[in-house]
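Below is one structure; the comments refer to it alone.
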Amino acid sequence: MNIILLGPPGAGKGTQAQFLVEDRGMVQLSTGDMLREARTSGTEMGNRVAEVMDRGDLVTDEIVIGLIREKLETVDAPGFIFDGFPRTLKQADALGELLEEMGKSLDFVIELRVEDEALVKRIVGRAEEAAAAGKPVRADDNEESLRTRLTAYYKMTSPLVGYYYAKGLYSRVDGMAAMEDVRAELGARLDG
Ligand code: AMP
């Protein structure tokens with residue numbers, strides 16, 4: 001079973017993806033994590049995208065599609081959770097083609113719905129928590145970059161709702177509910 005978790009920054013995609021990894025042994029494919037890893041290891045691509053990411057803009061479709069292609073070709077899993085990918089219609093088309101080439105299906109696209117005001121609070125809270133725990137704070141977890149990320153979400157990513165609705169794959173869960181309730185709801189959705 002392969003699924004996409006859709007939702008703006010701070011909706012809880014990463015958290016819920018981790019639960020699905022624990023609960024079902026699925027594999028999380030987060031392009032954000034892959035890009036941050038490329039930066040940490042100082043690859044040429046990592047250096048090239050650093051500024052774009054810190055600003056909160058989207059990196060090019062070619063780069064993220066390449067990252068996903070490589071994972072799909074090399075990782076074996078009972079199911080993938082796409083977290084933070086696709087973020088544009090072009091990426092969505094590319095994912096469809098990749099999966100088809102590999103004889104895999106896309107089974108669910110689930111949007112985590114969260115109010116915009118709550119997102120800002122969550123992200124700022126995430127930055128404060130990390131700082132308090134002596135952990136590195138994401139360079140794009142500040143209010144200005146967050147506004148840019150939200151704008152990118154509404155401009156580039158939100159059209160995917162209609163795109164996947166038309167394919168009969170879309171549903172949404174209330175991302176404002178408690179973490180464990182969202183976990184249970186997601187699980188029920190995948191089993192239902
Ligand atoms: P995330 O961890 O998903 O919030 O992603 C962090 C940043 O990585 C985003 O703000 C973008 O700059 C970049 N990024 C991650 N995934 C994508 C994607 N699918 N398409 C374009 N840029 C992405």
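Identifiers for the structure tokens are assigned positionally: chains receive A, B, ... in sequence, residues are indexed from 1 per chain, and ligands are indexed from 1 in the order shown.
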> Once you count only C-alpha atoms and all ligand atoms, which residues end up within 8 Å of ligand 1, and could you hand them over as a ChimeraX atom specification?
Replying inline: /A:9-10,30-33,35-36,49,52-61,64-65,83-88,91,140,149
File of the preceding selection, N, CA, C and O atoms, as a CSV table (one decimal), in the first residue's frame:
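To be explicit, this is the file written out as result.csv:
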chain,number,residue,atom,x,y,z
A,9,PRO,N,3.0,22.9,5.9
A,9,PRO,CA,4.0,22.7,7.0
A,9,PRO,C,3.4,22.8,8.4
A,9,PRO,O,2.6,23.7,8.6
A,10,GLY,N,3.7,21.9,9.2
A,10,GLY,CA,3.2,22.0,10.6
A,10,GLY,C,1.9,21.2,10.8
A,10,GLY,O,1.3,21.1,11.8
A,30,SER,N,10.5,11.2,2.8
A,30,SER,CA,10.3,12.6,3.0
A,30,SER,C,11.4,13.4,2.2
A,30,SER,O,12.6,13.3,2.5
A,31,THR,N,10.9,14.1,1.2
A,31,THR,CA,11.9,14.8,0.3
A,31,THR,C,12.6,15.9,1.2
A,31,THR,O,13.8,16.2,1.0
A,32,GLY,N,11.9,16.5,2.2
A,32,GLY,CA,12.5,17.5,3.0
A,32,GLY,C,13.7,16.9,3.8
A,32,GLY,O,14.7,17.5,3.9
A,33,ASP,N,13.5,15.7,4.4
A,33,ASP,CA,14.6,15.0,5.1
A,33,ASP,C,15.7,14.7,4.1
A,33,ASP,O,16.9,14.8,4.5
A,35,LEU,N,16.6,16.2,1.4
A,35,LEU,CA,17.3,17.5,1.1
A,35,LEU,C,18.1,18.0,2.2
A,35,LEU,O,19.3,18.4,2.0
A,36,ARG,N,17.6,17.9,3.4
A,36,ARG,CA,18.4,18.3,4.6
A,36,ARG,C,19.6,17.4,4.8
A,36,ARG,O,20.7,17.9,5.1
A,49,VAL,N,20.7,23.8,-3.1
A,49,VAL,CA,19.3,24.1,-2.6
A,49,VAL,C,19.2,24.8,-1.3
A,49,VAL,O,18.1,25.2,-0.9
A,52,VAL,N,17.5,28.3,-1.1
A,52,VAL,CA,16.1,28.2,-1.5
A,52,VAL,C,15.3,27.6,-0.3
A,52,VAL,O,14.2,28.1,0.0
A,53,MET,N,15.8,26.6,0.3
A,53,MET,CA,15.1,25.9,1.4
A,53,MET,C,15.0,26.9,2.6
A,53,MET,O,13.9,27.0,3.2
A,54,ASP,N,16.0,27.6,2.9
A,54,ASP,CA,16.0,28.5,4.1
A,54,ASP,C,15.0,29.6,3.9
A,54,ASP,O,14.4,30.1,4.8
A,55,ARG,N,14.9,30.0,2.6
A,55,ARG,CA,13.9,31.1,2.3
A,55,ARG,C,12.5,30.5,2.4
A,55,ARG,O,11.5,31.3,2.6
A,56,GLY,N,12.3,29.2,2.2
A,56,GLY,CA,11.0,28.6,2.3
A,56,GLY,C,10.4,28.4,0.9
A,56,GLY,O,9.2,28.0,0.8
A,57,ASP,N,11.2,28.6,-0.1
A,57,ASP,CA,10.7,28.3,-1.5
A,57,ASP,C,10.8,26.9,-1.8
A,57,ASP,O,11.6,26.1,-1.1
A,58,LEU,N,10.2,26.5,-2.9
A,58,LEU,CA,10.3,25.1,-3.4
A,58,LEU,C,11.6,24.9,-4.2
A,58,LEU,O,11.9,25.8,-5.0
A,59,VAL,N,12.3,23.8,-4.0
A,59,VAL,CA,13.4,23.5,-4.9
A,59,VAL,C,12.8,22.9,-6.2
A,59,VAL,O,11.6,22.6,-6.3
A,60,THR,N,13.6,22.7,-7.2
A,60,THR,CA,13.1,22.4,-8.5
A,60,THR,C,12.5,21.0,-8.6
A,60,THR,O,12.9,20.1,-7.8
A,61,ASP,N,11.5,20.8,-9.4
A,61,ASP,CA,10.8,19.5,-9.6
A,61,ASP,C,11.8,18.5,-10.0
A,61,ASP,O,11.8,17.3,-9.5
A,64,VAL,N,13.7,17.0,-6.8
A,64,VAL,CA,13.0,16.1,-5.9
A,64,VAL,C,12.5,14.9,-6.6
A,64,VAL,O,12.4,13.8,-6.0
A,65,ILE,N,12.1,15.0,-7.9
A,65,ILE,CA,11.7,13.8,-8.6
A,65,ILE,C,12.8,12.8,-8.7
A,65,ILE,O,12.7,11.6,-8.6
A,83,ASP,N,5.8,11.9,2.1
A,83,ASP,CA,5.7,12.9,3.0
A,83,ASP,C,6.4,14.2,2.5
A,83,ASP,O,7.6,14.2,2.4
A,84,GLY,N,5.6,15.2,2.1
A,84,GLY,CA,6.1,16.4,1.6
A,84,GLY,C,6.4,16.3,0.1
A,84,GLY,O,7.1,17.1,-0.5
A,85,PHE,N,6.0,15.2,-0.5
A,85,PHE,CA,6.1,15.0,-2.0
A,85,PHE,C,4.8,14.2,-2.4
A,85,PHE,O,4.5,13.3,-1.7
A,86,PRO,N,4.2,14.5,-3.5
A,86,PRO,CA,4.5,15.7,-4.4
A,86,PRO,C,4.0,17.0,-3.9
A,86,PRO,O,3.1,17.0,-3.0
A,87,ARG,N,4.6,18.1,-4.3
A,87,ARG,CA,4.2,19.4,-3.9
A,87,ARG,C,3.8,20.3,-5.1
A,87,ARG,O,3.4,21.4,-4.9
A,88,THR,N,3.9,19.7,-6.3
A,88,THR,CA,3.4,20.5,-7.5
A,88,THR,C,2.7,19.4,-8.4
A,88,THR,O,2.9,18.2,-8.3
A,91,GLN,N,5.2,17.3,-10.2
A,91,GLN,CA,5.6,16.2,-9.3
A,91,GLN,C,4.6,15.1,-9.2
A,91,GLN,O,4.9,13.9,-9.2
A,140,ASP,N,14.5,27.1,8.4
A,140,ASP,CA,13.2,27.6,7.8
A,140,ASP,C,12.1,27.6,8.8
A,140,ASP,O,10.9,27.9,8.4
A,149,ARG,N,6.6,29.5,3.0
A,149,ARG,CA,6.3,28.1,2.8
A,149,ARG,C,4.7,27.9,2.7
A,149,ARG,O,4.3,27.1,1.9
> Which residues come within 8 Å of Met1 in chain A, counting only C-alpha atoms, excluding same-chain residues fewer than 2 positions away, as an MDAnalysis selection string?
Replying inline: chainID A and resid 3 78:80 105:107
>> Using DSSP secondary structure from the backbone, list all alpha helix (DSSP H) positions within range 21-189 of chain A, as number ranges by chain.
In response: A: 21-24, 31-40, 44-55, 61-74, 89-101, 116-132, 143-152, 159-166, 179-189
Using only C-alpha atoms, determine which residues lie at most 12 Å from Val173 in chain A, disregarding the query and same-chain residues fewer than 4 positions distant; provide the list as a PDB file with N, CA, C and O atoms, in the first residue's frame.
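Contents of the output file part.pdb:
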ATOM      1  N   LEU A   5       0.772  11.661   2.211  1.00  0.00           N
ATOM      2  CA  LEU A   5       0.246  12.539   3.258  1.00  0.00           C
ATOM      3  C   LEU A   5       0.387  13.961   2.757  1.00  0.00           C
ATOM      4  O   LEU A   5       1.490  14.424   2.456  1.00  0.00           O
ATOM      5  N   LEU A   6      -0.745  14.634   2.655  1.00  0.00           N
ATOM      6  CA  LEU A   6      -0.778  15.979   2.110  1.00  0.00           C
ATOM      7  C   LEU A   6      -1.101  16.941   3.246  1.00  0.00           C
ATOM      8  O   LEU A   6      -1.859  16.597   4.148  1.00  0.00           O
ATOM      9  N   GLY A   7      -0.529  18.126   3.183  1.00  0.00           N
ATOM     10  CA  GLY A   7      -0.870  19.122   4.201  1.00  0.00           C
ATOM     11  C   GLY A   7       0.217  20.161   4.304  1.00  0.00           C
ATOM     12  O   GLY A   7       1.369  19.887   3.952  1.00  0.00           O
ATOM     13  N   ALA A  11       1.427  20.532   9.698  1.00  0.00           N
ATOM     14  CA  ALA A  11       0.159  19.792   9.795  1.00  0.00           C
ATOM     15  C   ALA A  11       0.339  18.473  10.550  1.00  0.00           C
ATOM     16  O   ALA A  11      -0.639  17.871  10.992  1.00  0.00           O
ATOM     17  N   GLY A  12       1.597  18.025  10.683  1.00  0.00           N
ATOM     18  CA  GLY A  12       1.841  16.771  11.394  1.00  0.00           C
ATOM     19  C   GLY A  12       2.162  15.606  10.468  1.00  0.00           C
ATOM     20  O   GLY A  12       2.108  14.442  10.890  1.00  0.00           O
ATOM     21  N   LYS A  13       2.516  15.889   9.233  1.00  0.00           N
ATOM     22  CA  LYS A  13       2.816  14.818   8.272  1.00  0.00           C
ATOM     23  C   LYS A  13       3.973  13.939   8.747  1.00  0.00           C
ATOM     24  O   LYS A  13       3.886  12.716   8.707  1.00  0.00           O
ATOM     25  N   GLN A  16       2.941  11.781  11.829  1.00  0.00           N
ATOM     26  CA  GLN A  16       2.027  10.683  11.490  1.00  0.00           C
ATOM     27  C   GLN A  16       2.733   9.655  10.603  1.00  0.00           C
ATOM     28  O   GLN A  16       2.464   8.450  10.706  1.00  0.00           O
ATOM     29  N   VAL A 109      -4.599   9.224  -0.799  1.00  0.00           N
ATOM     30  CA  VAL A 109      -4.001  10.544  -0.609  1.00  0.00           C
ATOM     31  C   VAL A 109      -4.789  11.182   0.515  1.00  0.00           C
ATOM     32  O   VAL A 109      -5.991  11.449   0.378  1.00  0.00           O
ATOM     33  N   ILE A 110      -4.151  11.355   1.652  1.00  0.00           N
ATOM     34  CA  ILE A 110      -4.886  11.844   2.824  1.00  0.00           C
ATOM     35  C   ILE A 110      -4.339  13.198   3.254  1.00  0.00           C
ATOM     36  O   ILE A 110      -3.144  13.355   3.526  1.00  0.00           O
ATOM     37  N   GLU A 111      -5.234  14.154   3.289  1.00  0.00           N
ATOM     38  CA  GLU A 111      -4.835  15.490   3.703  1.00  0.00           C
ATOM     39  C   GLU A 111      -5.062  15.659   5.196  1.00  0.00           C
ATOM     40  O   GLU A 111      -6.121  15.313   5.722  1.00  0.00           O
ATOM     41  N   LEU A 112      -4.068  16.184   5.881  1.00  0.00           N
ATOM     42  CA  LEU A 112      -4.226  16.542   7.293  1.00  0.00           C
ATOM     43  C   LEU A 112      -4.654  18.004   7.335  1.00  0.00           C
ATOM     44  O   LEU A 112      -3.884  18.884   6.968  1.00  0.00           O
ATOM     45  N   ARG A 113      -5.880  18.224   7.755  1.00  0.00           N
ATOM     46  CA  ARG A 113      -6.425  19.583   7.745  1.00  0.00           C
ATOM     47  C   ARG A 113      -6.159  20.292   9.067  1.00  0.00           C
ATOM     48  O   ARG A 113      -6.539  19.818  10.123  1.00  0.00           O
ATOM     49  N   VAL A 114      -5.496  21.405   8.976  1.00  0.00           N
ATOM     50  CA  VAL A 114      -5.174  22.179  10.177  1.00  0.00           C
ATOM     51  C   VAL A 114      -5.445  23.649   9.886  1.00  0.00           C
ATOM     52  O   VAL A 114      -5.227  24.120   8.769  1.00  0.00           O
ATOM     53  N   ALA A 177      -7.052  17.417  15.664  1.00  0.00           N
ATOM     54  CA  ALA A 177      -7.287  16.471  16.765  1.00  0.00           C
ATOM     55  C   ALA A 177      -5.955  16.100  17.430  1.00  0.00           C
ATOM     56  O   ALA A 177      -4.880  16.377  16.887  1.00  0.00           O
ATOM     57  N   ALA A 178      -6.058  15.490  18.615  1.00  0.00           N
ATOM     58  CA  ALA A 178      -4.837  15.088  19.322  1.00  0.00           C
ATOM     59  C   ALA A 178      -4.054  14.085  18.466  1.00  0.00           C
ATOM     60  O   ALA A 178      -4.642  13.305  17.706  1.00  0.00           O
ATOM     61  N   MET A 179      -2.733  14.141  18.604  1.00  0.00           N
ATOM     62  CA  MET A 179      -1.831  13.300  17.815  1.00  0.00           C
ATOM     63  C   MET A 179      -2.256  11.830  17.743  1.00  0.00           C
ATOM     64  O   MET A 179      -2.277  11.225  16.680  1.00  0.00           O
ATOM     65  N   ASP A 181      -5.211  10.596  18.335  1.00  0.00           N
ATOM     66  CA  ASP A 181      -6.500  10.442  17.654  1.00  0.00           C
ATOM     67  C   ASP A 181      -6.320  10.475  16.141  1.00  0.00           C
ATOM     68  O   ASP A 181      -6.972   9.729  15.407  1.00  0.00           O
ATOM     69  N   VAL A 182      -5.440  11.329  15.697  1.00  0.00           N
ATOM     70  CA  VAL A 182      -5.146  11.390  14.257  1.00  0.00           C
ATOM     71  C   VAL A 182      -4.537  10.052  13.823  1.00  0.00           C
ATOM     72  O   VAL A 182      -4.894   9.492  12.779  1.00  0.00           O
ATOM     73  N   ARG A 183      -3.656   9.536  14.664  1.00  0.00           N
ATOM     74  CA  ARG A 183      -3.017   8.238  14.385  1.00  0.00           C
ATOM     75  C   ARG A 183      -4.060   7.150  14.202  1.00  0.00           C
ATOM     76  O   ARG A 183      -4.022   6.370  13.244  1.00  0.00           O
ATOM     77  N   ALA A 184      -5.035   7.115  15.142  1.00  0.00           N
ATOM     78  CA  ALA A 184      -6.079   6.087  15.082  1.00  0.00           C
ATOM     79  C   ALA A 184      -6.967   6.277  13.850  1.00  0.00           C
ATOM     80  O   ALA A 184      -7.333   5.313  13.170  1.00  0.00           O
ATOM     81  N   GLU A 185      -7.302   7.523  13.580  1.00  0.00           N
ATOM     82  CA  GLU A 185      -8.175   7.834  12.448  1.00  0.00           C
ATOM     83  C   GLU A 185      -7.506   7.433  11.124  1.00  0.00           C
ATOM     84  O   GLU A 185      -8.134   6.842  10.238  1.00  0.00           O
ATOM     85  N   LEU A 186      -6.225   7.750  11.031  1.00  0.00           N
ATOM     86  CA  LEU A 186      -5.480   7.383   9.818  1.00  0.00           C
ATOM     87  C   LEU A 186      -5.442   5.872   9.634  1.00  0.00           C
ATOM     88  O   LEU A 186      -5.670   5.353   8.538  1.00  0.00           O
ATOM     89  N   GLY A 187      -5.174   5.182  10.744  1.00  0.00           N
ATOM     90  CA  GLY A 187      -5.120   3.725  10.697  1.00  0.00           C
ATOM     91  C   GLY A 187      -6.443   3.146  10.221  1.00  0.00           C
ATOM     92  O   GLY A 187      -6.490   2.260   9.361  1.00  0.00           O
ATOM     93  N   ALA A 188      -7.541   3.692  10.784  1.00  0.00           N
ATOM     94  CA  ALA A 188      -8.874   3.207  10.421  1.00  0.00           C
ATOM     95  C   ALA A 188      -9.139   3.464   8.936  1.00  0.00           C
ATOM     96  O   ALA A 188      -9.719   2.633   8.232  1.00  0.00           O
ATOM     97  N   ARG A 189      -8.692   4.622   8.454  1.00  0.00           N
ATOM     98  CA  ARG A 189      -8.894   4.988   7.060  1.00  0.00           C
ATOM     99  C   ARG A 189      -8.181   3.988   6.141  1.00  0.00           C
ATOM    100  O   ARG A 189      -8.716   3.553   5.124  1.00  0.00           O
ATOM    101  N   LEU A 190      -6.964   3.635   6.513  1.00  0.00           N
ATOM    102  CA  LEU A 190      -6.191   2.735   5.646  1.00  0.00           C
ATOM    103  C   LEU A 190      -6.761   1.315   5.680  1.00  0.00           C
ATOM    104  O   LEU A 190      -6.670   0.575   4.700  1.00  0.00           O
TER     105      LEU A 190
END
> Using only C-alpha atoms, which residue out of A:Glu22, A:Tyr163, A:Ala50, A:Glu180 lies closest to Asp93 in chain A?
Replying inline: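 Smallest distance to Asp93 in chain A is found for A:Tyr163.
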>> So that I can see what lies close to Asn142 in chain A, please list as a ChimeraX atom specification the residues with an atom at most 7 Å from it, counting only C-alpha atoms and leaving out residues fewer than 3 positions away in the same chain.
In response: /A:124,145-146
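The smallest atom-to-atom distance between Glu62 in chain A and any of A:Pro159, A:Lys90, A:Leu98, A:Tyr154, using only C-alpha atoms, is found for A:Lys90.
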